>>> print(open('final17.csv').read())   # CSV, C-alpha atoms and all ligand atoms
chain,number,residue,atom,x,y,z
T,138,MET,CA,-58.9,17.3,-35.4
T,139,ASP,CA,-61.3,19.3,-37.6
T,140,ASN,CA,-64.8,17.7,-37.5
T,141,HIS,CA,-65.2,17.5,-41.2
T,142,LEU,CA,-61.9,15.7,-41.6
T,143,ARG,CA,-62.9,13.4,-38.8
T,144,ALA,CA,-66.2,12.6,-40.5
T,145,ILE,CA,-64.4,11.5,-43.7
T,146,ILE,CA,-61.8,9.5,-41.8
T,147,GLU,CA,-64.6,7.7,-39.8
T,148,LYS,CA,-66.3,6.8,-43.1
T,149,LYS,CA,-63.1,5.2,-44.3
T,150,ILE,CA,-62.7,3.4,-40.9
T,151,ASN,CA,-66.3,2.1,-41.0
T,152,ARG,CA,-65.8,0.8,-44.6
T,153,THR,CA,-62.7,-1.0,-43.5
T,154,MET,CA,-64.3,-2.4,-40.4
T,155,GLY,CA,-67.1,-3.8,-42.4
T,156,ASN,CA,-64.8,-5.6,-44.8
T,157,LEU,CA,-62.6,-6.9,-42.0
T,158,GLN,CA,-65.7,-8.4,-40.5
T,159,ASN,CA,-66.6,-9.9,-43.9
T,160,ASN,CA,-63.2,-11.5,-43.7
T,161,LYS,CA,-64.1,-13.1,-40.3
T,162,MET,CA,-61.9,-10.7,-38.2
T,163,ASP,CA,-63.4,-8.8,-35.3
T,164,ALA,CA,-63.1,-5.0,-35.8
T,165,TYR,CA,-63.2,-2.2,-33.2
T,166,TYR,CA,-63.0,1.5,-33.4
T,167,VAL,CA,-61.6,3.8,-30.7
T,168,PRO,CA,-61.3,7.6,-31.4
T,169,THR,CA,-58.0,8.2,-29.6
T,170,ALA,CA,-54.8,6.4,-28.6
T,171,LYS,CA,-55.7,6.7,-24.9
T,172,ASP,CA,-58.9,4.5,-25.5
T,173,VAL,CA,-56.8,1.6,-26.7
T,174,VAL,CA,-55.5,0.2,-23.3
T,175,PRO,CA,-59.0,-0.1,-21.8
T,176,LEU,CA,-60.2,-2.1,-24.8
T,177,VAL,CA,-57.1,-4.3,-24.7
T,178,GLN,CA,-57.9,-4.9,-21.0
T,179,GLU,CA,-61.4,-6.1,-22.1
T,180,LEU,CA,-60.0,-8.4,-24.8
T,181,CYS,CA,-57.2,-10.0,-22.7
T,182,GLN,CA,-57.9,-11.9,-19.5
T,183,GLU,CA,-55.8,-11.4,-16.4
T,184,GLY,CA,-53.0,-14.0,-16.2
T,185,GLU,CA,-52.8,-14.7,-19.9
T,186,THR,CA,-49.5,-15.2,-21.5
T,187,VAL,CA,-49.0,-12.4,-23.9
T,188,THR,CA,-46.3,-11.1,-26.2
T,189,VAL,CA,-45.8,-8.6,-29.0
T,190,GLY,CA,-44.5,-8.1,-32.5
T,191,GLY,CA,-42.2,-5.1,-33.0
T,192,SER,CA,-44.3,-2.0,-33.2
T,193,MET,CA,-44.0,1.7,-32.5
T,194,THR,CA,-47.8,2.0,-32.4
T,195,LEU,CA,-47.9,-0.3,-29.3
T,196,PHE,CA,-45.5,2.1,-27.5
T,197,GLU,CA,-47.4,5.2,-28.6
T,198,CYS,CA,-50.7,4.1,-27.3
T,199,GLY,CA,-49.4,2.8,-24.0
T,200,VAL,CA,-49.9,-0.9,-24.6
T,201,ILE,CA,-46.3,-1.9,-23.9
T,202,GLU,CA,-46.4,-0.2,-20.5
T,203,HIS,CA,-49.8,-1.8,-19.8
T,204,LEU,CA,-48.5,-5.3,-20.5
T,205,LYS,CA,-45.7,-4.7,-18.0
T,206,SER,CA,-48.3,-3.9,-15.2
T,207,GLY,CA,-48.2,-7.5,-13.8
T,208,ARG,CA,-51.8,-8.3,-14.9
T,209,TYR,CA,-50.4,-10.7,-17.5
T,210,HIS,CA,-47.5,-13.2,-18.0
T,211,TYR,CA,-45.8,-10.9,-20.4
T,212,LEU,CA,-42.9,-12.3,-22.5
T,213,ASP,CA,-41.0,-9.1,-22.8
T,214,ARG,CA,-38.8,-9.0,-25.9
T,215,TYR,CA,-37.6,-5.5,-25.0
T,216,ALA,CA,-36.4,-6.4,-21.5
T,217,PRO,CA,-32.6,-6.0,-21.1
T,218,GLY,CA,-30.9,-9.3,-21.8
T,219,ALA,CA,-34.0,-10.9,-23.2
T,220,ASP,CA,-33.5,-14.0,-25.3
T,221,THR,CA,-35.5,-12.6,-28.2
T,222,MET,CA,-35.3,-15.6,-30.4
T,223,ALA,CA,-36.7,-17.8,-27.6
T,224,ILE,CA,-39.5,-15.3,-27.1
T,225,PHE,CA,-40.2,-15.3,-30.9
T,226,ARG,CA,-40.7,-19.0,-30.7
T,227,GLN,CA,-42.7,-19.0,-27.4
T,228,ALA,CA,-45.1,-16.5,-29.2
T,229,PHE,CA,-46.6,-19.4,-31.1
T,230,THR,CA,-48.1,-20.9,-27.8
T,231,CYS,CA,-49.1,-17.7,-26.1
T,232,ASP,CA,-52.7,-16.7,-25.5
T,233,THR,CA,-52.7,-13.3,-27.1
T,234,TYR,CA,-50.2,-11.7,-29.5
T,235,LEU,CA,-50.3,-8.0,-30.0
T,236,MET,CA,-48.9,-6.1,-33.0
T,237,SER,CA,-49.7,-3.4,-35.5
T,238,ALA,CA,-49.9,-3.7,-39.3
T,239,ASN,CA,-47.9,-2.1,-42.0
T,240,ALA,CA,-51.1,-1.5,-43.9
T,241,ILE,CA,-54.8,-2.4,-43.8
T,242,THR,CA,-56.8,-2.2,-47.0
T,243,GLU,CA,-60.3,-0.9,-47.2
T,244,ASN,CA,-61.1,-4.4,-48.6
T,245,GLY,CA,-60.4,-5.8,-45.2
T,246,GLU,CA,-56.9,-7.3,-45.8
T,247,LEU,CA,-53.9,-7.0,-43.5
T,248,TYR,CA,-50.6,-6.4,-45.3
T,249,ASN,CA,-47.3,-6.9,-43.5
T,250,VAL,CA,-43.6,-7.2,-44.4
T,251,ASP,CA,-41.1,-8.7,-42.0
T,252,GLY,CA,-37.4,-9.1,-41.8
T,253,ASN,CA,-37.2,-12.1,-39.5
T,254,GLY,CA,-40.7,-13.3,-40.2
T,255,ASN,CA,-41.5,-13.9,-36.5
T,256,ARG,CA,-44.3,-11.3,-36.5
T,257,VAL,CA,-46.1,-12.4,-39.6
T,258,ALA,CA,-45.7,-16.1,-38.6
T,259,ALA,CA,-47.5,-15.5,-35.3
T,260,LEU,CA,-50.1,-13.4,-37.0
T,261,MET,CA,-50.9,-16.3,-39.3
T,262,PHE,CA,-50.7,-19.2,-36.9
T,263,GLY,CA,-50.1,-20.1,-33.2
T,264,PRO,CA,-51.4,-17.6,-30.7
T,265,LYS,CA,-55.0,-18.3,-29.7
T,266,SER,CA,-55.8,-14.6,-30.2
T,267,VAL,CA,-54.1,-11.8,-32.1
T,268,ILE,CA,-54.9,-8.1,-31.5
T,269,VAL,CA,-53.8,-5.8,-34.3
T,270,ILE,CA,-53.8,-2.1,-33.3
T,271,ALA,CA,-53.5,0.5,-36.1
T,272,GLY,CA,-53.9,4.3,-36.5
T,273,TRP,CA,-56.2,5.4,-39.4
T,274,ASN,CA,-53.0,6.4,-41.3
T,275,LYS,CA,-52.4,2.6,-42.0
T,276,ILE,CA,-55.6,2.3,-44.0
T,277,VAL,CA,-55.0,2.2,-47.8
T,278,PRO,CA,-57.4,1.6,-50.7
T,279,ASP,CA,-55.9,-1.7,-52.0
T,280,LEU,CA,-53.0,-4.0,-51.9
T,281,GLU,CA,-50.9,-2.0,-54.4
T,282,ALA,CA,-51.3,1.0,-52.2
T,283,ALA,CA,-50.3,-1.2,-49.2
T,284,ARG,CA,-47.2,-2.3,-51.1
T,285,GLN,CA,-46.3,1.4,-51.9
T,286,ARG,CA,-47.0,2.4,-48.3
T,287,VAL,CA,-44.3,-0.1,-47.1
T,288,ARG,CA,-41.8,1.0,-49.8
T,289,GLN,CA,-42.3,4.7,-49.4
T,290,ILE,CA,-43.1,5.1,-45.6
T,291,ALA,CA,-43.0,2.1,-43.3
T,292,ALA,CA,-39.7,0.5,-44.3
T,293,PRO,CA,-37.6,3.7,-44.8
T,294,ALA,CA,-38.9,5.0,-41.4
T,295,ASN,CA,-38.0,1.7,-39.7
T,296,THR,CA,-34.6,1.5,-41.2
T,297,THR,CA,-34.0,5.1,-40.1
T,298,ARG,CA,-35.2,4.2,-36.6
T,299,LEU,CA,-33.0,1.1,-36.5
T,300,ASN,CA,-30.1,2.8,-38.2
T,301,THR,CA,-29.7,-0.1,-40.7
T,302,GLN,CA,-27.3,0.2,-43.6
T,303,THR,CA,-29.9,0.2,-46.4
T,304,PRO,CA,-30.4,2.5,-49.3
T,305,CYS,CA,-33.9,3.5,-48.2
T,306,LYS,CA,-32.4,4.9,-45.0
T,307,VAL,CA,-30.2,7.2,-47.1
T,308,LEU,CA,-32.7,8.0,-49.9
T,309,GLY,CA,-36.0,7.8,-48.1
T,310,SER,CA,-37.7,5.3,-50.4
T,311,CYS,CA,-37.2,1.6,-51.4
T,312,GLN,CA,-34.4,0.9,-53.8
T,313,ASP,CA,-35.1,-2.9,-54.0
T,314,CYS,CA,-31.8,-3.5,-52.2
T,315,HIS,CA,-29.9,-6.7,-51.7
T,316,SER,CA,-28.4,-5.4,-48.5
T,317,ASP,CA,-27.5,-7.9,-45.7
T,318,SER,CA,-29.5,-5.5,-43.5
T,319,ARG,CA,-32.6,-5.7,-45.6
T,320,ILE,CA,-35.8,-5.6,-43.5
T,321,CYS,CA,-38.2,-6.6,-46.2
T,322,CYS,CA,-38.0,-10.4,-46.6
T,323,ASP,CA,-41.4,-11.9,-45.9
T,324,TYR,CA,-44.5,-10.4,-47.6
T,325,THR,CA,-47.9,-11.4,-46.3
T,326,VAL,CA,-51.6,-10.7,-47.0
T,327,LEU,CA,-54.2,-11.9,-44.5
T,328,GLY,CA,-57.6,-12.3,-46.2
T,329,GLN,CA,-60.6,-14.2,-45.0
T,330,GLN,CA,-59.8,-16.2,-41.8
T,331,ARG,CA,-60.8,-19.8,-41.0
T,332,ILE,CA,-61.1,-19.1,-37.2
T,333,LYS,CA,-63.7,-16.4,-36.9
T,334,GLY,CA,-62.6,-13.7,-34.4
T,335,ARG,CA,-59.1,-15.0,-33.8
T,336,VAL,CA,-57.7,-11.8,-35.3
T,337,LYS,CA,-59.1,-8.7,-33.7
T,338,VAL,CA,-58.3,-5.3,-35.3
T,339,ILE,CA,-58.5,-2.1,-33.3
T,340,LEU,CA,-58.6,0.9,-35.6
T,341,VAL,CA,-57.7,4.2,-33.9
T,342,GLY,CA,-58.9,7.7,-35.1
T,343,GLU,CA,-55.4,9.1,-34.8
T,344,GLU,CA,-52.2,8.7,-36.6
T,345,LEU,CA,-50.0,6.1,-34.9
T,346,GLY,CA,-46.7,4.5,-35.9
T,347,TYR,CA,-45.5,4.2,-39.5
T,401,LIG,S1,-36.0,-3.7,-49.9
T,401,LIG,FE1,-34.2,-2.7,-49.0
T,401,LIG,S2,-34.3,-0.6,-49.8
T,401,LIG,FE2,-36.3,-1.5,-50.1
T,401,LIG,S3,-37.4,-0.8,-48.3
T,401,LIG,FE3,-36.6,-2.9,-47.9
T,401,LIG,S4,-34.7,-2.5,-46.8
T,401,LIG,FE4,-35.2,-0.6,-47.8
>>> encode(input="final17.csv", output="structure tokens", more="lines below")
Ligand code: SF4
Amino acid sequence: MDNHLRAIIEKKINRTMGNLQNNKMDAYYVPTAKDVVPLVQELCQEGETVTVGGSMTLFECGVIEHLKSGRYHYLDRYAPGADTMAIFRQAFTCDTYLMSANAITENGELYNVDGNGNRVAALMFGPKSVIVIAGWNKIVPDLEAARQRVRQIAAPANTTRLNTQTPCKVLGSCQDCHSDSRICCDYTVLGQQRIKGRVKVILVGEELGY
């Protein structure tokens, strides 16, 4: 990446980290995707029970492969034949839950929209620790930009990946559908936290996920 562009992005990241910390979340910065796993290894103890919310970012930065290394008791929702609903429920009592975010505002808020609600529920309550990993492309100025990011980018890209029968898959942006396959059902904003440091946000200086 061009050094001037990186300097601007790092300013945006620093601003966001400061406001996440004001909201009692821990905030970390790593320059590249390959720096994520070593940090996850520092934040998760060997033998912990861990599981994940659906995320392309976790695949792209090698976290999913790392969780399968045997270092952890990994509840693997992606394993062939996995009872995903049971794992979604077990997530509430796990030690560490890993996920990405649909958007992170520069004001230090996490914005997420779920279809099943399992991911946002575990983010808000249950696991002792939550690690949110996000590329700098997820940072937006405010909640309205976060909402637009989901409508214009995250949800259409996910419906395309999942091949769901929704209008955003066909037209490339949200049409406020009432499709049975709608993936936008539960809209959440995480602001200041009561338990300091329960939510840990790793911001990465590369584009990851959508
Ligand atoms: S509400 Fe429907 S059309 Fe809009 S992004 Fe979600 S699934 Fe797509």
>>> residues_near_ligand(input="final17.csv", ligand="ligand LIG 401 (chain T)", cutoff="9 Å", atoms="only C-alpha atoms and all ligand atoms", output="PyMOL selection string")
chain T and resi 250+252+287-293+295-296+301-306+308-316+318-322
>>> residues_around(input="final17.csv", residues="His203 in chain T", least_positions_apart="5", cutoff="12 Å", atoms="only C-alpha atoms", output="PDB file with C-alpha atoms, in the coordinates of the input")
ATOM      1  CA  LYS T 171     -55.700   6.700 -24.900  1.00  0.00           C
ATOM      2  CA  VAL T 173     -56.800   1.600 -26.700  1.00  0.00           C
ATOM      3  CA  VAL T 174     -55.500   0.200 -23.300  1.00  0.00           C
ATOM      4  CA  PRO T 175     -59.000  -0.100 -21.800  1.00  0.00           C
ATOM      5  CA  LEU T 176     -60.200  -2.100 -24.800  1.00  0.00           C
ATOM      6  CA  VAL T 177     -57.100  -4.300 -24.700  1.00  0.00           C
ATOM      7  CA  GLN T 178     -57.900  -4.900 -21.000  1.00  0.00           C
ATOM      8  CA  CYS T 181     -57.200 -10.000 -22.700  1.00  0.00           C
ATOM      9  CA  GLU T 183     -55.800 -11.400 -16.400  1.00  0.00           C
ATOM     10  CA  VAL T 187     -49.000 -12.400 -23.900  1.00  0.00           C
ATOM     11  CA  THR T 188     -46.300 -11.100 -26.200  1.00  0.00           C
ATOM     12  CA  LEU T 195     -47.900  -0.300 -29.300  1.00  0.00           C
ATOM     13  CA  PHE T 196     -45.500   2.100 -27.500  1.00  0.00           C
ATOM     14  CA  GLU T 197     -47.400   5.200 -28.600  1.00  0.00           C
ATOM     15  CA  CYS T 198     -50.700   4.100 -27.300  1.00  0.00           C
ATOM     16  CA  ARG T 208     -51.800  -8.300 -14.900  1.00  0.00           C
ATOM     17  CA  TYR T 209     -50.400 -10.700 -17.500  1.00  0.00           C
ATOM     18  CA  HIS T 210     -47.500 -13.200 -18.000  1.00  0.00           C
ATOM     19  CA  TYR T 211     -45.800 -10.900 -20.400  1.00  0.00           C
ATOM     20  CA  ASP T 213     -41.000  -9.100 -22.800  1.00  0.00           C
ATOM     21  CA  LEU T 235     -50.300  -8.000 -30.000  1.00  0.00           C
TER      22      LEU T 235
END
>>> residues_around(input="final17.csv", residues="Lys161 in chain T", least_positions_apart="2", cutoff="8 Å", atoms="all atoms listed in the file", output="list in words")
Leu157, Gln158, Asn159, Asp163, Gln329, Gln330, Arg331, Ile332, Lys333 and Gly334 of chain T
>>> write_last_selection(input="final17.csv", atoms="C-alpha atoms", output="PDB file, keeping the file's coordinate frame")
ATOM      1  CA  LEU T 157     -62.600  -6.900 -42.000  1.00  0.00           C
ATOM      2  CA  GLN T 158     -65.700  -8.400 -40.500  1.00  0.00           C
ATOM      3  CA  ASN T 159     -66.600  -9.900 -43.900  1.00  0.00           C
ATOM      4  CA  ASP T 163     -63.400  -8.800 -35.300  1.00  0.00           C
ATOM      5  CA  GLN T 329     -60.600 -14.200 -45.000  1.00  0.00           C
ATOM      6  CA  GLN T 330     -59.800 -16.200 -41.800  1.00  0.00           C
ATOM      7  CA  ARG T 331     -60.800 -19.800 -41.000  1.00  0.00           C
ATOM      8  CA  ILE T 332     -61.100 -19.100 -37.200  1.00  0.00           C
ATOM      9  CA  LYS T 333     -63.700 -16.400 -36.900  1.00  0.00           C
ATOM     10  CA  GLY T 334     -62.600 -13.700 -34.400  1.00  0.00           C
TER      11      GLY T 334
END
>>> atom_distance(input="final17.csv", atom1="CA of Pro168 in chain T", atom2="CA of Leu340 in chain T")
8.4 Å
>>> closest_residue(input="final17.csv", among="T:Asp323, T:Asp279, T:Glu246, T:Asp317", to="Val338 in chain T", atoms="only C-alpha atoms")
T:Glu246
>>> residues_around(input="final17.csv", residues="Ile276 in chain T", least_positions_apart="3", cutoff="10 Å", atoms="all atoms listed in the file", output="number ranges by chain")
T: 146, 149-150, 153, 238-247, 271-273, 279, 282-283, 286, 340
>>> residues_around(input="final17.csv", residues="Arg226 in chain T", least_positions_apart="5", cutoff="9 Å", atoms="all atoms listed in the file", output="PyMOL selection string")
chain T and resi 221+255+259
>>> closest_residue(input="final17.csv", among="T:Asn151, T:Thr194, T:Met236, T:Cys231", to="Leu260 in chain T", atoms="all atoms listed in the file")
T:Met236
>>> closest_residue(input="final17.csv", among="T:Thr230, T:Thr186, T:Thr297, T:Ser206", to="Tyr347 in chain T", atoms="all atoms listed in the file")
T:Thr297
>>> closest_residue(input="final17.csv", among="T:Gly346, T:Pro278, T:Gly190, T:Gly155", to="Val257 in chain T", atoms="only C-alpha atoms")
T:Gly190
>>> closest_residue(input="final17.csv", among="T:Val307, T:Met261, T:Ile145, T:Ala228", to="Tyr248 in chain T", atoms="only C-alpha atoms")
T:Met261
>>> atom_distance(input="final17.csv", atom1="CA of Phe229 in chain T", atom2="CA of Gly263 in chain T")
4.1 Å
>>> atom_distance(input="final17.csv", atom1="CA of His141 in chain T", atom2="CA of Met193 in chain T")
27.8 Å
>>> residues_around(input="final17.csv", residues="range 214-219 of chain T", least_positions_apart="5", cutoff="10 Å", atoms="all atoms listed in the file", output="PDB file with C-alpha atoms, in the coordinates of the input")
ATOM      1  CA  THR T 188     -46.300 -11.100 -26.200  1.00  0.00           C
ATOM      2  CA  VAL T 189     -45.800  -8.600 -29.000  1.00  0.00           C
ATOM      3  CA  GLY T 190     -44.500  -8.100 -32.500  1.00  0.00           C
ATOM      4  CA  GLY T 191     -42.200  -5.100 -33.000  1.00  0.00           C
ATOM      5  CA  ILE T 201     -46.300  -1.900 -23.900  1.00  0.00           C
ATOM      6  CA  ILE T 224     -39.500 -15.300 -27.100  1.00  0.00           C
ATOM      7  CA  PHE T 225     -40.200 -15.300 -30.900  1.00  0.00           C
TER       8      PHE T 225
END
>>> closest_residue(input="final17.csv", among="T:Met222, T:Arg284, T:Val269, T:Ala144", to="Ala164 in chain T", atoms="all atoms listed in the file")
T:Val269
